[in-house]
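Peer 1: Have a look at this one before I ask anything.
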Amino acid sequence: MAVVLILVIVAVGSVVFHLLSPWWWTPIASNWSYIDNTIIITFWITGFVFVAVVLFVAYCVFRFRHRPGNRAAYEPENKKLEVWLASVTSIGVAAMLAPGLFVWHQFVTVPAGTTEVEVVGQQWLWSFRLPGANGKLGTSETRAIGDGNSLGVNPNDANGLDDLIIEGGELHLLVGKPVKMLLRSVDVLHDFYVPEFRAKMDMIPGMETYFWFTPTRTGTFEVLCAELCGTGHPQMRGTVVVDNEADYQTWLQEQQTFSQLLAASQEETAIASSTSSSKIAGVQKDEAGGR
């Protein structure tokens with residue numbers, strides 16, 4: 001009878017622990033409460049089935065325990081029971097899948113008027129690119145990455161010259177404004193994830209993925225990488241700050257455009273080249289004087 005008692009304790013204890021657990025999701029900060037609701041539905045369905053199965057096993061252990069003179073009845077098939085089990089299982093699976101499909105449709109259907117922000121992941125750093133005054137992001141590709149162009153923005157695309165580049169810094173978003181996150185990786189698999197936003201997506205080298213959300217409250221939130229991406233994976237952290245209109249506009253004014261970064265890089269290259277040439281000329285002069 002100890003087995004019966006243990007099974008009952010497991011069933012009841014699991015429910016009590018779930019209801020009283022101090023570990024739960026972080027407070028949501030986006031429109032994706034649908035995802036929370038879908039997970040809760042799954043918890044209730046799977047939890048009910050778990051408790052029902054464990055208690056049924058406990059009942060069977062008690063009801064059909066060994067007693068002298070009793071013999072088990074052999075019944076290889078029971079069509080009525082099989083139909084009942086298949087029907088209940090189908091209803092349960094459909095109840096779990098239907099909300100998920102509904103939410104997934106919303107997740108990949110980006111509403112009109114959404115601002116685009118590019119997120120670039122690399123070992124082990126988050127960088128970001130926002131559209132400039134023209135409101136359009138320029139094209140980009142990994143092969144264009146180089147000095148002064150760490151995100152691979154196409155310098156021949158006029159739409160990209162005024163793009164705002166944030167290399168390894170904070171990303172600021174406007175509260176209440178839908179944003180489409182364009183995700184790109186330059187090396188290995190990454191996954192841009194802010195727990196409070198409830199939305200994430202894998203970043204795959206060679207292709208662009210996306211998701212969208214609407215920040216619903218101001219605050220500072222930590223960015224995590226939810227895909228094992230190498231030895232520095234635990235340290236691949238970033239920051240997203242959700243601002244009101246005034247703070248967001250102030251932050252935008254402080255950011256450098258792609259054309260400014262290109263100009264600064266070309267200037268540094270020219271200075272370095274000039275310094276190198278001067279050193280070479282000085283060495284040659286010294287050698288000539290020595291002779």
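We name chains A, B, ... following the order of the structure tokens; residues begin at 1 in each chain, and ligands are numbered from 1 as shown.
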Quick one: residues within 12 Å of Pro111 of chain A, only C-alpha atoms, excluding same-chain residues fewer than 5 positions away - as a PyMOL selection string?
Peer 2: chain A and resi 105-106+116+177-180+211-214
Peer 1: List the neighbours of segment 126-143 of chain A out to 8 Å using only C-alpha atoms; skip same-chain residues closer than 6 positions along the sequence, and give me the result as a count of residues only.
Peer 2: 29
Peer 1: Can you work out which one of A:Gln122, A:Gln253, A:Asn37, A:Asn70 has the shortest atom-to-atom distance to Asp191 of chain A, counting only C-alpha atoms?
Peer 2: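 Going through A:Gln122, A:Gln253, A:Asn37, A:Asn70 one by one, the smallest distance to Asp191 of chain A is for A:Gln122.
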Peer 1: Could you pull out the strand (DSSP E or B) residues of segment 86-247 of chain A from DSSP and send them as a PyMOL selection string?
Peer 2: chain A and resi 115-122+125-130+140+146+149+153+164-167+171-174+179-185+190-194+199-203+209-213+215+219-225+238-243
Peer 1: Among segment 67-176 of chain A, which ones does DSSP place in alpha helix (DSSP H), written as a ChimeraX atom specification?
Peer 2: /A:79-108
Peer 1: Using only C-alpha atoms, find each residue in segment 85-204 of chain A having at least one atom no more than 8 Å away from segment 215-235 of chain A; report its shortest atom-to-atom pair and that distance in Å (one decimal), rows by chain then rising number, as a Markdown table.
Peer 2:
| residue | atom | partner | partner_atom | distance |
| --- | --- | --- | --- | --- |
| A:Gln123 | CA | A:Gly232 | CA | 7.2 |
| A:Trp124 | CA | A:Gly232 | CA | 6.1 |
| A:Leu173 | CA | A:Pro215 | CA | 7.7 |
| A:Leu174 | CA | A:Pro215 | CA | 7.3 |
| A:Val175 | CA | A:Pro215 | CA | 5.1 |
| A:Gly176 | CA | A:Thr216 | CA | 5.4 |
| A:Lys177 | CA | A:Pro215 | CA | 6.7 |
| A:Pro178 | CA | A:Pro215 | CA | 7.1 |
| A:Val188 | CA | A:Cys229 | CA | 6.4 |
| A:Leu189 | CA | A:Cys229 | CA | 6.1 |
| A:His190 | CA | A:Glu227 | CA | 5.1 |
| A:Asp191 | CA | A:Ala226 | CA | 4.9 |
| A:Phe192 | CA | A:Cys225 | CA | 5.4 |
| A:Tyr193 | CA | A:Leu224 | CA | 5.2 |
| A:Val194 | CA | A:Val223 | CA | 4.9 |
| A:Pro195 | CA | A:Val223 | CA | 7.9 |
| A:Glu196 | CA | A:Phe221 | CA | 7.4 |
| A:Phe197 | CA | A:Pro215 | CA | 7.4 |
| A:Asp202 | CA | A:Glu227 | CA | 7.4 |
Peer 1: Using the selection just defined, write its residues with C-alpha atoms as a compact mmCIF listing (two decimals), in the first residue's frame.
Peer 2:
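File again_34.txt, as written:
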# COMPACT_ATOMS: atom_id res chain seq x y z
CA GLN A 123 29.99 35.98 -30.85
CA TRP A 124 29.28 37.43 -28.30
CA LEU A 173 12.30 51.53 -28.18
CA LEU A 174 9.21 53.71 -27.99
CA VAL A 175 6.47 52.57 -25.62
CA GLY A 176 3.18 51.72 -27.31
CA LYS A 177 4.74 51.60 -30.79
CA PRO A 178 4.76 48.23 -32.63
CA VAL A 188 26.59 30.99 -35.64
CA LEU A 189 23.07 30.38 -34.36
CA HIS A 190 21.85 32.98 -31.85
CA ASP A 191 18.42 33.77 -30.40
CA PHE A 192 17.34 37.27 -29.39
CA TYR A 193 15.25 36.97 -26.24
CA VAL A 194 13.85 39.45 -23.72
CA PRO A 195 11.82 37.43 -21.16
CA GLU A 196 9.47 40.33 -20.39
CA PHE A 197 8.49 40.62 -24.07
CA ASP A 202 16.32 31.99 -33.78
Peer 1: Could you check the closest approach to Arg63 of chain A for each of A:Val16, A:Val4, A:Leu125, A:Leu101 and tell me which residue wins, using only C-alpha atoms?
Peer 2: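 Once distances to Arg63 of chain A are computed over only C-alpha atoms, the minimum belongs to A:Val4.
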Peer 1: Smallest atom-to-atom distance to Ser259 of chain A: which of A:Glu82, A:Ala95, A:Asn149, A:Asp243, using only C-alpha atoms?
Peer 2: A:Asn149
